[in-house]
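Trainee: query.txt is reproduced below (compact mmCIF, C-alpha atoms).
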```txt
# COMPACT_ATOMS: atom_id res chain seq x y z
CA MET V 1 0.00 0.00 0.00
CA LYS V 2 2.92 2.36 0.65
CA THR V 3 3.98 2.10 -2.99
CA ILE V 4 0.60 3.32 -4.27
CA ALA V 5 0.61 6.28 -1.88
CA ARG V 6 4.16 7.15 -2.88
CA GLN V 7 3.34 6.93 -6.59
CA ARG V 8 0.32 9.17 -6.06
CA SER V 9 2.41 11.72 -4.17
CA ILE V 10 5.05 11.78 -6.91
CA GLY V 11 2.34 12.15 -9.57
CA LEU V 12 0.78 15.08 -7.71
CA MET V 13 4.17 16.77 -7.29
CA LEU V 14 4.93 16.44 -11.00
CA SER V 15 1.48 17.77 -11.91
CA TRP V 16 1.91 20.77 -9.64
CA LEU V 17 5.38 21.41 -11.03
CA ALA V 18 3.88 21.59 -14.53
CA VAL V 19 1.03 23.81 -13.27
CA LEU V 20 3.47 26.23 -11.61
CA PHE V 21 5.57 26.46 -14.77
CA LEU V 22 2.49 27.11 -16.92
CA LEU V 23 1.22 29.76 -14.47
CA PHE V 24 4.62 31.47 -14.62
CA ASP V 25 4.48 31.39 -18.43
CA SER V 26 0.94 32.77 -18.40
CA ALA V 27 1.95 35.61 -16.05
CA GLY V 28 4.76 36.61 -18.40
CA LYS V 29 2.33 36.76 -21.30
CA LEU V 30 -0.35 38.64 -19.34
CA LEU V 31 2.17 41.21 -18.08
CA GLU V 32 3.66 41.42 -21.59
CA VAL V 33 7.24 41.47 -20.35
CA GLN V 34 9.88 42.35 -22.93
CA PRO V 35 11.56 38.91 -23.28
CA VAL V 36 8.17 37.32 -23.99
CA ILE V 37 7.37 39.91 -26.64
CA VAL V 38 10.78 39.52 -28.28
CA GLY V 39 10.44 35.73 -28.28
CA THR V 40 6.98 35.93 -29.81
CA LEU V 41 8.20 38.27 -32.54
CA LEU V 42 11.17 36.01 -33.28
CA LEU V 43 8.78 33.10 -33.75
CA GLY V 44 6.92 35.12 -36.39
CA TYR V 45 3.79 36.05 -34.45
CA PRO V 46 2.44 39.60 -34.02
CA ARG V 47 2.81 41.44 -30.72
CA ASP V 48 -0.97 41.71 -30.24
CA ILE V 49 -1.36 37.97 -29.73
CA VAL V 50 0.75 37.75 -26.55
CA PHE V 51 -1.96 38.84 -24.11
CA SER V 52 -4.57 36.57 -25.74
CA LEU V 53 -2.24 33.59 -25.46
CA GLY V 54 -1.73 34.39 -21.78
CA VAL V 55 -5.49 34.44 -21.16
CA ILE V 56 -6.00 31.16 -23.03
CA LEU V 57 -3.18 29.52 -21.10
CA LEU V 58 -4.40 30.80 -17.72
CA VAL V 59 -7.98 29.64 -18.34
CA SER V 60 -6.72 26.24 -19.49
CA VAL V 61 -4.53 25.78 -16.42
CA VAL V 62 -7.34 26.79 -14.07
CA ALA V 63 -9.66 24.34 -15.83
CA TYR V 64 -7.02 21.63 -15.41
CA VAL V 65 -6.60 22.33 -11.68
CA VAL V 66 -10.34 22.24 -10.92
CA PRO V 67 -11.27 18.55 -10.53
CA ARG V 68 -14.65 18.90 -12.23
CA THR V 69 -13.12 20.35 -15.41
CA SER V 70 -9.71 18.70 -15.32
CA VAL V 71 -10.29 16.54 -18.40
CA LEU V 72 -11.36 19.56 -20.46
CA GLY V 73 -8.37 21.53 -19.16
CA ALA V 74 -6.01 18.68 -20.05
CA LEU V 75 -7.43 18.52 -23.59
CA VAL V 76 -7.12 22.26 -24.16
CA LEU V 77 -3.59 22.29 -22.72
CA THR V 78 -2.67 19.41 -25.03
CA GLY V 79 -3.82 21.47 -28.01
CA TYR V 80 -2.08 24.60 -26.75
CA LEU V 81 1.22 22.83 -26.14
CA GLY V 82 0.86 20.96 -29.44
CA GLY V 83 0.70 24.33 -31.16
CA ALA V 84 3.83 25.41 -29.30
CA VAL V 85 5.68 22.32 -30.50
CA ALA V 86 4.46 22.87 -34.06
CA THR V 87 5.70 26.47 -33.92
CA HIS V 88 9.16 25.38 -32.82
CA VAL V 89 9.33 22.65 -35.46
CA ARG V 90 8.31 25.18 -38.12
CA VAL V 91 10.98 27.70 -37.15
```
Starting from the file, give its structure as structure tokens.
Mentor:
Amino acid sequence: MKTIARQRSIGLMLSWLAVLFLLFDSAGKLLEVQPVIVGTLLLGYPRDIVFSLGVILLVSVVAYVVPRTSVLGALVLTGYLGGAVATHVRV
């Protein structure tokens, strides 16, 4: 039984680590800090899209954290991060 509890604890820690990273990323986009803007421009996207991406990311992370909407949040985050990977493959 200890193994299951330990696996669950490790899974929760890894999930929260990902959530904290995504919240940090969302905050950078919402505050429109200069490195985020420069990075977005270098990837070929207009400056206006930064704030919108931050809102989408924040809403998705909140949906993922809320147990009732966690599946929907996970699906939207999968699409969002899939787009990020596609952008980096394209460039």
Trainee: Could you work out how far CA of Leu42 (chain V) lies from CA of Ala86 (chain V), giving the answer in Å with one decimal?
Mentor: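 Distance reported for this atom pair: 14.8 Å.
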Trainee: Just the residues within 12 Å of Gly79 (chain V), please, counting all atoms listed in the file, with nothing from its chain fewer than 5 positions along; format it as a PyMOL selection string.
Mentor: chain V and resi 56-57+60+72-74+84-86
Trainee: Pick out the closest residue to Arg47 (chain V) from this set: V:Val59, V:Leu77, V:Ala18, V:Val33. Count all atoms listed in the file.
Mentor: V:Val33
Trainee: At what distance in Å, to one decimal, does CA of Pro35 (chain V) lie from CA of Tyr64 (chain V)?
Mentor: 26.6 Å
Trainee: Quick one: residues within 12 Å of Val36 (chain V), all atoms listed in the file, excluding same-chain residues fewer than 2 positions away - as a list in words?
Mentor: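 Those residues are Phe24, Asp25, Ser26, Ala27, Gly28, Lys29, Leu30, Leu31, Glu32, Val33, Gln34, Val38, Gly39, Thr40, Leu41, Leu42, Leu43, Tyr45, Pro46, Arg47, Asp48, Ile49, Val50, Phe51, Leu53 and Gly54 of chain V.
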Trainee: In Å to one decimal, how far is CA of Leu23 (chain V) from CA of Ile10 (chain V)?
Mentor: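 Computing it gives 19.9 Å between the two atoms.
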Trainee: What would region 12-38 of chain V look like if you wrote it out as a PDB file, in the first residue's frame, with C-alpha atoms included, from the block I just posted?
Mentor:
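Final output, decode.pdb:
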```pdb
ATOM      1  CA  LEU V  12       0.783  15.078  -7.710  1.00  0.00           C
ATOM      2  CA  MET V  13       4.168  16.766  -7.287  1.00  0.00           C
ATOM      3  CA  LEU V  14       4.926  16.435 -10.997  1.00  0.00           C
ATOM      4  CA  SER V  15       1.483  17.766 -11.915  1.00  0.00           C
ATOM      5  CA  TRP V  16       1.914  20.774  -9.644  1.00  0.00           C
ATOM      6  CA  LEU V  17       5.378  21.410 -11.033  1.00  0.00           C
ATOM      7  CA  ALA V  18       3.882  21.593 -14.529  1.00  0.00           C
ATOM      8  CA  VAL V  19       1.034  23.813 -13.271  1.00  0.00           C
ATOM      9  CA  LEU V  20       3.469  26.226 -11.610  1.00  0.00           C
ATOM     10  CA  PHE V  21       5.570  26.457 -14.775  1.00  0.00           C
ATOM     11  CA  LEU V  22       2.491  27.114 -16.923  1.00  0.00           C
ATOM     12  CA  LEU V  23       1.216  29.765 -14.472  1.00  0.00           C
ATOM     13  CA  PHE V  24       4.620  31.468 -14.624  1.00  0.00           C
ATOM     14  CA  ASP V  25       4.480  31.394 -18.428  1.00  0.00           C
ATOM     15  CA  SER V  26       0.942  32.769 -18.403  1.00  0.00           C
ATOM     16  CA  ALA V  27       1.945  35.606 -16.053  1.00  0.00           C
ATOM     17  CA  GLY V  28       4.761  36.607 -18.403  1.00  0.00           C
ATOM     18  CA  LYS V  29       2.328  36.764 -21.296  1.00  0.00           C
ATOM     19  CA  LEU V  30      -0.347  38.643 -19.343  1.00  0.00           C
ATOM     20  CA  LEU V  31       2.170  41.208 -18.085  1.00  0.00           C
ATOM     21  CA  GLU V  32       3.662  41.417 -21.590  1.00  0.00           C
ATOM     22  CA  VAL V  33       7.243  41.469 -20.351  1.00  0.00           C
ATOM     23  CA  GLN V  34       9.875  42.348 -22.935  1.00  0.00           C
ATOM     24  CA  PRO V  35      11.559  38.914 -23.279  1.00  0.00           C
ATOM     25  CA  VAL V  36       8.166  37.317 -23.988  1.00  0.00           C
ATOM     26  CA  ILE V  37       7.368  39.914 -26.641  1.00  0.00           C
ATOM     27  CA  VAL V  38      10.778  39.522 -28.278  1.00  0.00           C
TER      28      VAL V  38
END
```
